There are 4 protein chains.
Amino acid sequence: MSMMTGEKYEQSLRKLNLNVYMFGKKVGNVVDDPIIRPSMNAVKLTYELAHLPEYEDLMTTTSHLTGKKINRFTHIHQSTDDLVRKTKMGRLLGSRTGCCFQRCVGMDAMNALSIVTHDIDKKYGTEYEKRFLKYLEYVQEEDLTCDGAMTDPKGDRGLPPHKQHDPDMFLHVVEEKKDGIVVRGAKAHQTGAVNSHEIIIMPTISMREEDAEYAVSFALPADAEGITYIMGRQSCDTRKLENGNIDRGNGIYGGHEALVVFDNVFVPWERVFMYKECEFAGRLVENFASYHRQSYACKAGVGDVLIGAAQTIAEFNGAARASHVKDKIIEMNHLNETLFCGSVACACEGHKEPSGTYLVNTLLANVCKQNVTRFPYEIARLAQDIAGGLMVTLPSEEDFRSPEVGKWLEKYYKGNDSASTEDRMRILRLIENITMGTAAVGYLTESMHGAGSPQAQRIMISRQVKMEQKKKIAKQLCGIKEK
Amino acid sequence: MSMMTGEKYEQSLRKLNLNVYMFGKKVGNVVDDPIIRPSMNAVKLTYELAHLPEYEDLMTTTSHLTGKKINRFTHIHQSTDDLVRKTKMGRLLGSRTGCCFQRCVGMDAMNALSIVTHDIDKKYGTEYEKRFLKYLEYVQEEDLTCDGAMTDPKGDRGLPPHKQHDPDMFLHVVEEKKDGIVVRGAKAHQTGAVNSHEIIIMPTISMREEDAEYAVSFALPADAEGITYIMGRQSCDTRKLENGNIDRGNGIYGGHEALVVFDNVFVPWERVFMYKECEFAGRLVENFASYHRQSYACKAGVGDVLIGAAQTIAEFNGAARASHVKDKIIEMNHLNETLFCGSVACACEGHKEPSGTYLVNTLLANVCKQNVTRFPYEIARLAQDIAGGLMVTLPSEEDFRSPEVGKWLEKYYKGNDSASTEDRMRILRLIENITMGTAAVGYLTESMHGAGSPQAQRIMISRQVKMEQKKKIAKQLCGIKEK
Amino acid sequence: MSMMTGEKYEQSLRKLNLNVYMFGKKVGNVVDDPIIRPSMNAVKLTYELAHLPEYEDLMTTTSHLTGKKINRFTHIHQSTDDLVRKTKMGRLLGSRTGCCFQRCVGMDAMNALSIVTHDIDKKYGTEYEKRFLKYLEYVQEEDLTCDGAMTDPKGDRGLPPHKQHDPDMFLHVVEEKKDGIVVRGAKAHQTGAVNSHEIIIMPTISMREEDAEYAVSFALPADAEGITYIMGRQSCDTRKLENGNIDRGNGIYGGHEALVVFDNVFVPWERVFMYKECEFAGRLVENFASYHRQSYACKAGVGDVLIGAAQTIAEFNGAARASHVKDKIIEMNHLNETLFCGSVACACEGHKEPSGTYLVNTLLANVCKQNVTRFPYEIARLAQDIAGGLMVTLPSEEDFRSPEVGKWLEKYYKGNDSASTEDRMRILRLIENITMGTAAVGYLTESMHGAGSPQAQRIMISRQVKMEQKKKIAKQLCGIKEK
Amino acid sequence: MSMMTGEKYEQSLRKLNLNVYMFGKKVGNVVDDPIIRPSMNAVKLTYELAHLPEYEDLMTTTSHLTGKKINRFTHIHQSTDDLVRKTKMGRLLGSRTGCCFQRCVGMDAMNALSIVTHDIDKKYGTEYEKRFLKYLEYVQEEDLTCDGAMTDPKGDRGLPPHKQHDPDMFLHVVEEKKDGIVVRGAKAHQTGAVNSHEIIIMPTISMREEDAEYAVSFALPADAEGITYIMGRQSCDTRKLENGNIDRGNGIYGGHEALVVFDNVFVPWERVFMYKECEFAGRLVENFASYHRQSYACKAGVGDVLIGAAQTIAEFNGAARASHVKDKIIEMNHLNETLFCGSVACACEGHKEPSGTYLVNTLLANVCKQNVTRFPYEIARLAQDIAGGLMVTLPSEEDFRSPEVGKWLEKYYKGNDSASTEDRMRILRLIENITMGTAAVGYLTESMHGAGSPQAQRIMISRQVKMEQKKKIAKQLCGIKEK
């Protein structure tokens with residue numbers, strides 16, 4: 001079929017039989033659960049925009065396997081131009097949803113696997129690439145959303161997988177069968193997990209021989225037997241259960257993360273893409289990380305929304321022409337575009353891997369992500385500066401609707417004539433949402449830790465720069481003779 | 001009686017008959033309301049610590065009116081030493097509650113009034129100081145908590161009070177009676193309002209002749225007829241309504257703000273401290289602001305808690321010895337102590353006003369507060385860096401208690417052996433609380449806007465520095481002859 | 001001939017008859033003057049590297065006019081790939097010279113003129129483009145270095161050109177003749193002026209009808225009659241006159257700026273590219289500025305040298321393995337690569353103008369330059385941190401060579417065994433050179449003000465972002481209905 | 001005599017017979033050497049201001065030994081008030097000289113010795129304190145300037161003193177005689193060394209038993225036999241040798257550092273204040289460091305000059321009313337006052353040592369200095385932003401005086417009517433002086449490394465904060481039970 005509509009995507013999710021828990025209870029209807037729903041809406045938009053002519057260039061492309069038109073989220077990048085469009089697609093969706101739209105993690109996992117399955121096969125004569133490409137064709141054909149699952153709980157961070165007290169702290173193979181393998185473990189922080197049709201598992205760190213059983217990559221349907229999802233809670237999550245829609249800030253979209261538990265889950269061989277080739281675990285991690293660090297262009301999109309909201313409240317407050325407000329808006333834009341530059345640059349400077357896949361420039365992808373661990377926090381701070389204190393002292397929508405006290409709020413929280421009190425409340429709640437509420441989880445904390453914490457990028461930056469060359473020229477210029 | 005115990009303070013609140021609204025409904029029992037209660041606990045601690053010998057120096061002092069031992073929160077500063085102790089009292093309480101303890105605003109209002117009532121009387125032969133000192137003695141004697149109410153809704157910020165479309169956008173006198181005045185208007189962002197026995201009203205800006213009816217200051221019992229409180233909602237406020245106490249982060253303390261509406265409220269003359277002396281409105285605002293900007297030393301106290309929490313989670317994660325983690329902890333401490341330095345310095349450099357009251361150094365108080373609009377955000381960012389992503393993807397306490405999935409959380413969210421999974425959850429929720437949850441309202445957004453937004457401090461800094469002198473010496477040194 | 005060698009370039013300069021002043025005296029032999037010579041060496045390297053096979057891709061390209069191989073510095077960009085290569089050429093040269101190599105300003109001027117001459121002709125049927133392309137062919141054929149001269153002295157910044165007390169504060173036409181025009185005025189801060197064969201003049205601001213005589217662009221041989229060059233002095237410039245070569249830091253390369261005075265200089269019509277078409281002055285300025293802001297990728301090259309030097313001194317000091325030193329080196333690299341990302345991104349996002357020339361993305365070019373006004377200062381600060389205090393307390397090379405005290409320096413300024421005292425001195429002097437000495441002029445202050453001061457970029461950023469779109473989506477997400 | 005005049009101070013220096021080298025030659029007349037002279041002028045001002053009534057409070061005090069009026073630079077602090085006045089004296093002198101006035105280092109050394117000699121005596125029954133107080137009385141009586149010499153060359157930083165290849169890399173005792181000791185070694189970066197009457201030696205690090213011979217402290221006349229001074233050179237130092245006085249920026253004052261070599265120098269017992277009591281070496285270092293970190297309040301004084309210069313050039317450029325310029329000036333002031341707050345706070349929070357001397361709060365002194373390693377760089381960057389590019393492209397004073405080209409400079413470098421071209425040049429050269437020239441050595445690089453490099457302060461901050469207490473409260477608040 002290729003290229004589902006948003007409507008069909010939603011229907012397809014209803015057919016899944018996911019085992020999801022939240023607030024200690026099993027979720028009966030995942031798709032319509034008010035806390036989960038906004039995150040589904042965000043993924044759904046990745047399907048909807050793909051059908052709009054104005055976004056065709058960014059949202060769709062041609063499969064290098066089948067030559068068919070496909071959603072870019074299922075594509076293997078065939079050029080630096082593809083990589084740059086990926087950056088822009090991410091920003092577009094961030095700027096349309098104001099949150100995490102979750103679908104990039106599967107795309108990044110597939111692109112990383114396309115490189116590494118090829119490389120393993122080359123060394124060992126295995127057939128992972130063939131399996132993977134068959135799987136990929138299925139994903140493209142059905143236009144599936146895949147969760148890319150990497151992060152293990154890790155237990156004691158000072159110990160390698162095989163030395164952990166509890167051997168399950170890293171997901172691993174517990175049994176090898178004729179027709180496949182059985183795995184156990186968990187993946188934490190899984191973005192968009194319960195909105196996915198498939199889940200693609202990858203190891204989370206470089207591994208040695210002793211950790212061979214942990215060096216495993218595979219894909220499974222999201223509702224495979226033995227998989228349990230436990231939803232992470234977010235700041236202000238239960239506002240979505242309240243009456244009204246002002247206090248939730250973003251009335252339409254959201255994100256989510258879950259802990260995914262694999263309790264002796266069977267994986268058939270055709271879905272296994274790495275099996276004990278431990279020396280390739282590190283490469284897979286690194287490639288995935290590079291792609292995913294590029295993906296944080298989406299935060300420039302969320303930044304667009306926050307900047308738009310800050311400008312709007314400045315106008316509602318009658319402060320938009322104050323020079324310090326204008327300057328803060330400029331600074332927000334400057335930082336936001338600097339983020340975007342990093343993602344564009346690592347894409348533009350990408351290169352072709354032996355598999356034919358284009359990989360981003362690793363150094364610049366890490367530089368990109370490192371800035372993402374800083375600038376959204378400063379942009380958020382400036383947004384709160386412009387918003388004013390009312391953002392955190394505003395009474396509830398129910399007070400606003402109350403016959404007793406609603407009149408006082410209507411009267412006293414009126415800004416200038418350009419906006420009603422309700423509109424002012426709405427935009428303040430959106431800024432709260434992105435800087436302290438459900439979307440702050442994605443805009444701030446996940447900007448910090450997603451695709452690797454800041455220190456991970458610093459280590460990569462340190463490894464990727466050509467320090468010897470820099471030293472050599474410095475010495476030449478000041479007249480130090482090399483021995 | 002002087003010096004209530006915490007218990008008596010709580011009882012005294014029960015006797016008030018406040019008209020409080022929250023979520024569209026009137027709050028029947030304010031003291032025991034689960035959302036408000038933690039904020040009461042924080043104020044209560046200001047009474048409790050005053051009875052502990054180890055804090056006697058900071059928490060208590062001797063009344064210059066009666067010579068009796070009093071809680072420092074009701075004191076008029078008689079020396080720079082008093083001012084420095086005020087700074088330390090604020091930090092102490094911030095570091096014990098991890099939130100806003102609300103009582104400083106009334107102390108700052110009283111000190112500002114002690115100066116300005118004296119000055120008005122001197123010029124006009126009025127008797128405001130006498131009235132005020134009588135009121136102060138009552139407050140000291142009864143050991144009352146006072147809300148200091150300054151911020152009007154302000155409507156269109158481009159217009160002065162008398163030109164607003166709605167004349168009530170600034171609180172004002174609507175009727176003069178024989179025995180007092182009638183006022184109408186509202187005060188926004190009132191910290192700790194419903195935990196106060198008294199409310200002290202001050203004008204919010206400098207005023208001219210035409211705004212004379214807005215230049216009014218007075219005090220009222222918190223439950224005077226015609227006063228309505230509408231509670232502001234905070235990020236994650238309703239977690240306090242949930243079962244369990246992990247997810248709320250800070251299990252004991254909190255803060256609150258409210259909109260306070262004055263609907264034709266009568267004020268007897270003996271409680272009026274300024275009445276149409278519009279040229280003193282600006283002085284009162286400025287003095288209050290200076291005192292209150294000093295008060296932000298409390299944020300260094302909250303910073304202590306956040307730093308302690310960050311160090312704790314680093315240890316639980318087994319990451320406390322990583323050099324980058326140690327360096328981030330140092331940076332957090334450095335920034336936090338820089339905040340403290342500002343508050344100490346403006347106190348140490350204080351001076352005596354004609355009334356005998358000691359006032360902080362205005363320039364340095366503004367410098368202090370300006371740093372408070374920046375550093376807590378960076379400290380919070382670093383805390384989130386150290387905490388790790390789990391802080392925002394952790395399932396709920398109810399999941400943890402659940403017979404079905406609790407075991408998975410227990411198993412997979414275990415850190416190293418130094419802590420149980422539950423302890424790890426608890427400390428993560430505390431960091432969430434201070435950086436995104438209810439306490440973030442106080443630690444971040446109110447650090448930004450409380451006691452004046454950053455631009456207000458910048459204007460004051462600009463006015464207070466001696467620029468002509470700086471120019472003069474620069475010119476001398478480079479040989480420019482002054483004309 | 002096309003593609004001069006470095007040697008021929010130097011010879012060609014000897015043939016010029018420039019009127020140059022420095023320290024109040026006319027410079028007889030410009031090429032061999034010890035203060036100017038290092039800047040000539042830097043330009044010379046742009047010729048030398050063009051003949052090395054390993055840099056062919058970056059340093060050379062094919063003329064779109066003649067199809068001949070040319071030095072990229074004389075090229076009109078024909079694709080975004082060309083723009084990206086320009087970025088990399090700049091970084092390469094910065095990293096080879098550790099200073100400003102001066103030749104990009106002429107390249108940027110020519111590219112800007114290629115667009116605007118086309119556009120003027122289109123509107124007015126003039127023949128500027130034809131003239132310009134003929135001139136360009138000459139420049140390419142002879143492989144000339146051109147100064148691109150924009151910045152007028154400007155006098156009272158509050159007044160437009162025609163209202164200045166002294167009409168010459170902006171360069172202008174003072175007489176129209178049959179065969180050309182006569183101009184008067186001056187251009188300040190002219191980088192590499194006395195190493196140039198040609199000088200290309202452009203207006204410095206947008207202009208209105210009343211300023212028509214100031215809206216003039218043209219090219220002249222650098223030694224045309226009536227042109228005087230007055231060399232700007234740099235920090236530590238006279239160290240180049242001293243014995244020895246340690247104290248100058250960079251023993252080979254440097255930069256320079258000059259004030260260029262035009263005292264009734266005649267320009268023949270075939271060299272005039274704009275003449276009173278005042279509405280195009282702004283466009284020319286803006287296009288040149290965009291190109292030139294991209295050019296600041298060179299500072300990432302100088303940053304490479306400074307990082308290499310910092311790493312080297314850390315090793316000489318035995319401190320390279322200290323975690324805080326490693327972290328500072330990473331930070332330097334991170335900031336440096338962020339600069340590079342901006343320049344790559346604005347190139348990659350370039351577009352084709354009607355003339356066929358590719359122009360960089362204006363928004364991102366401004367973002368790139370804005371970061372250049374900040375990060376080199378922080379990189380320099382970190383370099384000084386790593387270098388240690390000795391950098392500014394080191395005695396002179398003459399002390400080191402002295403029979404009386406040289407032994408003490410040799411003895412006491414020895415670091416660890418990896419380097420001699422002399423090598424340690426050399427690398428410290430290089431860091432001093434880039435952070436406080438002659439090269440600091442280019443690395444810091446010109447990073448601030450070259451291609452427009454920071455505020456100029458902020459205004460452009462403000463104009464280029466799509467604010468209405470950002471506001472629109474923010475409103476949609478929080479449920480505000482647009483009227 | 002007590003309290004020399006400036007004139008007498010200068011005369012007293014002429015009587016010294018110092019062995020000074022600069023540029024490889026022995027300096028005959030140190031006092032009148034044009035490169036050294038400005039630094040002498042700065043020390044001289046510490047004598048001159050002490051005689052002005054308006055500075056009596058700050059510059060003078062009463063000796064606790066003799067009860068006589070003395071220059072505060074020779075005082076042992078007897079109260080926190082003394083410490084606060086020290087802070088203000090430093091800022092005053094920095095703001096009057098625009099550079100390092102050098103005399104604080106001896107004051108800090110004496111105060112540190114007053115504490116430690118007392119403590120050693122207490123433990124060992126030695127008589128260092130008696131000796132020291134006698135010496136102090138002499139210093140006070142004669143009103144001497146003392147160099148406080150701590151920093152050894154240190155050689156390989158990975159090795160302790162006794163393991164260095166060259167045993168002289170730390171100054172040490174080489175012979176014990178009946179009447180005294182003989183020492184060898186060197187002290188680097190000695191601020192104001194050749195303007196001092198006396199030199200006070202202290203060890204540079206904590207030491208163990210094996211390093212006992214390095215644990216030595218003593219005082220000597222600056223011209224004692226065997227001492228050689230080798231002047232460090234500064235950026236732009238030789239401008240002081242040029243004609244005219246514009247280009248040097250600061251026409252009056254400056255600073256200097258020197259390497260001081262001790263080649264078997266004899267010290268009589270009465271001048272020895274520590275001798276092999278190695279366990280007190282660390283305390284002496286730490287106390288000196290704390291005092292000296294406080295002393296960096298002087299940089300707020302230099303900041304005053306730079307801010308004054310920036311405001312002046314903004315006015316000369318006609319840009320002083322631009323909102324971004326005003327905002328940058330505010331930021332400069334804000335950062336500058338934050339530095340001041342740190343110094344005031346550590347003074348105000350000082351305490352009495354067993355010797356009776358008041359010591360600053362160590363934690364806050366380190367916080368103070370840590371900010372000094374950052375903010376002056378940012379203030380300097382902002383000053384360069386405001387100054388404009390002309391600061392680094394301005395021709396020389398000789399060009400300005402030249403009959404041929406002076407007219408062009410006069411004409412084209414005219415700003416608005418408020419200043420002559422010459423005045424504009426002068427103020428630009430002053431900003432260059434402080435941000436890149438001789439004074440940048442003190443304002444920037446020494447702000448970084450003086451009194452310990454940034455990492456030294458970070459280690460101290462880490463040690464001084466009460467981390468256990470912070471953790472304890474964090475755990476309490478979130479409900480973690482301590483085991």
# chains A, B, ... in the order shown; residues from 1 in each chain; ligands from 1
>>> closest_atom_pairs(of="chain C", to="chain A", cutoff="6 Å", atoms="only C-alpha atoms", output="Markdown table")
| residue | atom | partner | partner_atom | distance |
| --- | --- | --- | --- | --- |
| C:Gly249 | CA | A:Cys478 | CA | 5.5 |
| C:Asn250 | CA | A:Cys478 | CA | 4.9 |
| C:Gly251 | CA | A:Cys478 | CA | 5.5 |
| C:Asp304 | CA | A:Lys470 | CA | 5.6 |
| C:Val305 | CA | A:Ala474 | CA | 5.1 |
| C:Gly308 | CA | A:Lys471 | CA | 3.9 |
| C:Ala309 | CA | A:Ala474 | CA | 5.2 |
| C:Ile330 | CA | A:Ser462 | CA | 5.7 |
| C:His334 | CA | A:Val367 | CA | 5.9 |
| C:Cys341 | CA | A:Ala345 | CA | 5.2 |
| C:Gly342 | CA | A:Cys341 | CA | 5.3 |
| C:Val344 | CA | A:Ala345 | CA | 5.6 |
| C:Ala345 | CA | A:Ala345 | CA | 5.0 |
| C:Val367 | CA | A:His334 | CA | 5.9 |
| C:Asp423 | CA | A:Ile480 | CA | 5.7 |
| C:Arg426 | CA | A:Cys478 | CA | 5.6 |
| C:Leu430 | CA | A:Cys478 | CA | 5.9 |
| C:Ser462 | CA | A:Ile330 | CA | 5.7 |
| C:Lys470 | CA | A:Gly308 | CA | 4.3 |
| C:Lys471 | CA | A:Gly308 | CA | 3.9 |
| C:Ala474 | CA | A:Val305 | CA | 5.1 |
| C:Leu477 | CA | A:Asn250 | CA | 5.2 |
| C:Cys478 | CA | A:Asn250 | CA | 4.9 |
| C:Ile480 | CA | A:Asp423 | CA | 5.7 |
>>> residues_around(residues="Asn416 in chain C", least_positions_apart="4", cutoff="8 Å", atoms="only C-alpha atoms", output="list in words")
Phe316, Asn317 and Gly318 of chain C; Gly155, Asp156 and Arg157 of chain D
>>> closest_residue(among="C:Phe266, C:Phe400, C:Phe288, C:Tyr443", to="Lys25 in chain D", atoms="only C-alpha atoms")
C:Phe400
>>> residues_around(residues="Tyr47 in chain D", least_positions_apart="5", cutoff="8 Å", atoms="only C-alpha atoms", output="list in words")
Met3, Met4, Thr5, Gly6, Tyr9 and Asn71 of chain D
>>> select_by_dssp(residues="range 48-294 of chain D", states="strand (DSSP E or B)", output="ChimeraX atom specification")
/D:60-62,69-71,146-149,172-176,180-191,198-201,216-221,227-231,257-268,272-275
>>> atom_distance(atom1="CA of Ile181 in chain B", atom2="CA of Glu404 in chain A")
25.4 Å
>>> residues_around(residues="Asp121 in chain D", least_positions_apart="2", cutoff="12 Å", atoms="only C-alpha atoms", output="number ranges by chain")
D: 113-119, 123-132, 273-275, 277, 280, 354-355
>>> write_last_selection(atoms="C-alpha atoms", output="mmCIF file, in the first residue's frame")
data_model
loop_
_atom_site.group_PDB
_atom_site.id
_atom_site.type_symbol
_atom_site.label_atom_id
_atom_site.label_comp_id
_atom_site.auth_asym_id
_atom_site.auth_seq_id
_atom_site.Cartn_x
_atom_site.Cartn_y
_atom_site.Cartn_z
ATOM 1 C CA LEU D 113 52.301 35.169 58.173
ATOM 2 C CA SER D 114 50.766 36.850 61.193
ATOM 3 C CA ILE D 115 48.405 33.881 61.504
ATOM 4 C CA VAL D 116 50.780 31.063 60.702
ATOM 5 C CA THR D 117 53.799 32.218 62.714
ATOM 6 C CA HIS D 118 51.476 32.318 65.726
ATOM 7 C CA ASP D 119 50.203 28.817 65.030
ATOM 8 C CA LYS D 123 52.758 23.973 68.421
ATOM 9 C CA TYR D 124 56.534 24.039 68.564
ATOM 10 C CA GLY D 125 57.380 26.774 71.044
ATOM 11 C CA THR D 126 59.350 28.568 68.326
ATOM 12 C CA GLU D 127 59.553 32.332 68.167
ATOM 13 C CA TYR D 128 58.538 33.078 64.609
ATOM 14 C CA GLU D 129 55.702 35.328 65.642
ATOM 15 C CA LYS D 130 57.988 37.508 67.710
ATOM 16 C CA ARG D 131 60.413 37.826 64.819
ATOM 17 C CA PHE D 132 57.613 38.506 62.423
ATOM 18 C CA PHE D 273 59.505 33.012 59.667
ATOM 19 C CA MET D 274 59.220 29.315 58.900
ATOM 20 C CA TYR D 275 61.958 26.751 58.724
ATOM 21 C CA GLU D 277 57.779 23.115 59.637
ATOM 22 C CA PHE D 280 52.352 24.568 58.019
ATOM 23 C CA PRO D 354 43.928 32.616 67.206
ATOM 24 C CA SER D 355 46.613 35.187 66.436
#
>>> atom_distance(atom1="CA of Gly192 in chain C", atom2="CA of Glu353 in chain C")
28.8 Å
>>> closest_residue(among="C:Leu159, C:Met22, C:Val31, C:Val272", to="Glu397 in chain D", atoms="only C-alpha atoms")
C:Met22
>>> select_by_dssp(residues="range 97-217 of chain D", states="helix (DSSP H, G or I)", output="PyMOL selection string")
chain D and resi 97+104-124+128-142+161-163+167-169+193-195+209-214
>>> atom_distance(atom1="CA of Glu56 in chain A", atom2="CA of His292 in chain A")
22.5 Å
>>> residues_around(residues="range 255-265 of chain C", least_positions_apart="6", cutoff="6 Å", atoms="only C-alpha atoms", output="ChimeraX atom specification")
/C:39,100,182-192,226-232 /D:393
>>> write_last_selection(atoms="N, CA and C atoms", output="mmCIF file, in the first residue's frame")
data_model
loop_
_atom_site.group_PDB
_atom_site.id
_atom_site.type_symbol
_atom_site.label_atom_id
_atom_site.label_comp_id
_atom_site.auth_asym_id
_atom_site.auth_seq_id
_atom_site.Cartn_x
_atom_site.Cartn_y
_atom_site.Cartn_z
ATOM 1 N N SER C 39 52.012 39.963 6.456
ATOM 2 C CA SER C 39 50.673 39.975 5.863
ATOM 3 C C SER C 39 50.765 39.612 4.389
ATOM 4 N N CYS C 100 44.604 36.489 9.569
ATOM 5 C CA CYS C 100 43.751 36.915 8.462
ATOM 6 C C CYS C 100 44.584 36.904 7.176
ATOM 7 N N VAL C 182 35.088 61.474 -11.044
ATOM 8 C CA VAL C 182 36.105 61.768 -10.042
ATOM 9 C C VAL C 182 35.461 61.567 -8.672
ATOM 10 N N VAL C 183 36.174 60.851 -7.795
ATOM 11 C CA VAL C 183 35.590 60.534 -6.486
ATOM 12 C C VAL C 183 36.489 61.057 -5.364
ATOM 13 N N ARG C 184 35.841 61.273 -4.207
ATOM 14 C CA ARG C 184 36.584 61.720 -3.030
ATOM 15 C C ARG C 184 36.000 61.029 -1.782
ATOM 16 N N GLY C 185 36.861 60.809 -0.831
ATOM 17 C CA GLY C 185 36.416 60.157 0.400
ATOM 18 C C GLY C 185 37.481 59.207 0.913
ATOM 19 N N ALA C 186 37.050 58.311 1.763
ATOM 20 C CA ALA C 186 38.013 57.363 2.325
ATOM 21 C C ALA C 186 37.292 56.074 2.694
ATOM 22 N N LYS C 187 38.054 55.009 2.758
ATOM 23 C CA LYS C 187 37.519 53.738 3.232
ATOM 24 C C LYS C 187 38.408 53.284 4.394
ATOM 25 N N ALA C 188 37.774 52.980 5.500
ATOM 26 C CA ALA C 188 38.525 52.631 6.706
ATOM 27 C C ALA C 188 38.634 51.116 6.876
ATOM 28 N N HIS C 189 39.537 50.694 7.725
ATOM 29 C CA HIS C 189 39.687 49.278 8.093
ATOM 30 C C HIS C 189 39.923 48.381 6.894
ATOM 31 N N GLN C 190 40.683 48.824 5.888
ATOM 32 C CA GLN C 190 40.823 48.014 4.682
ATOM 33 C C GLN C 190 41.857 46.908 4.857
ATOM 34 N N THR C 191 41.319 45.722 5.024
ATOM 35 C CA THR C 191 42.121 44.529 5.253
ATOM 36 C C THR C 191 42.957 44.199 4.021
ATOM 37 N N GLY C 192 44.234 44.043 4.251
ATOM 38 C CA GLY C 192 45.115 43.607 3.173
ATOM 39 C C GLY C 192 45.262 44.602 2.043
ATOM 40 N N GLY C 226 46.242 59.465 -6.645
ATOM 41 C CA GLY C 226 45.342 60.079 -5.671
ATOM 42 C C GLY C 226 44.958 59.170 -4.521
ATOM 43 N N ILE C 227 45.407 57.945 -4.579
ATOM 44 C CA ILE C 227 45.089 57.027 -3.474
ATOM 45 C C ILE C 227 46.262 56.975 -2.490
ATOM 46 N N THR C 228 45.952 57.162 -1.204
ATOM 47 C CA THR C 228 46.966 57.071 -0.151
ATOM 48 C C THR C 228 46.539 56.022 0.875
ATOM 49 N N TYR C 229 47.493 55.231 1.303
ATOM 50 C CA TYR C 229 47.234 54.214 2.317
ATOM 51 C C TYR C 229 47.920 54.601 3.617
ATOM 52 N N ILE C 230 47.188 54.591 4.700
ATOM 53 C CA ILE C 230 47.803 54.840 6.006
ATOM 54 C C ILE C 230 47.568 53.599 6.862
ATOM 55 N N MET C 231 48.669 52.954 7.223
ATOM 56 C CA MET C 231 48.593 51.665 7.906
ATOM 57 C C MET C 231 48.065 51.809 9.336
ATOM 58 N N GLY C 232 47.149 50.928 9.685
ATOM 59 C CA GLY C 232 46.704 50.866 11.078
ATOM 60 C C GLY C 232 47.750 50.133 11.889
ATOM 61 N N THR D 393 42.485 49.398 14.103
ATOM 62 C CA THR D 393 42.959 49.792 12.767
ATOM 63 C C THR D 393 43.447 51.239 12.758
#
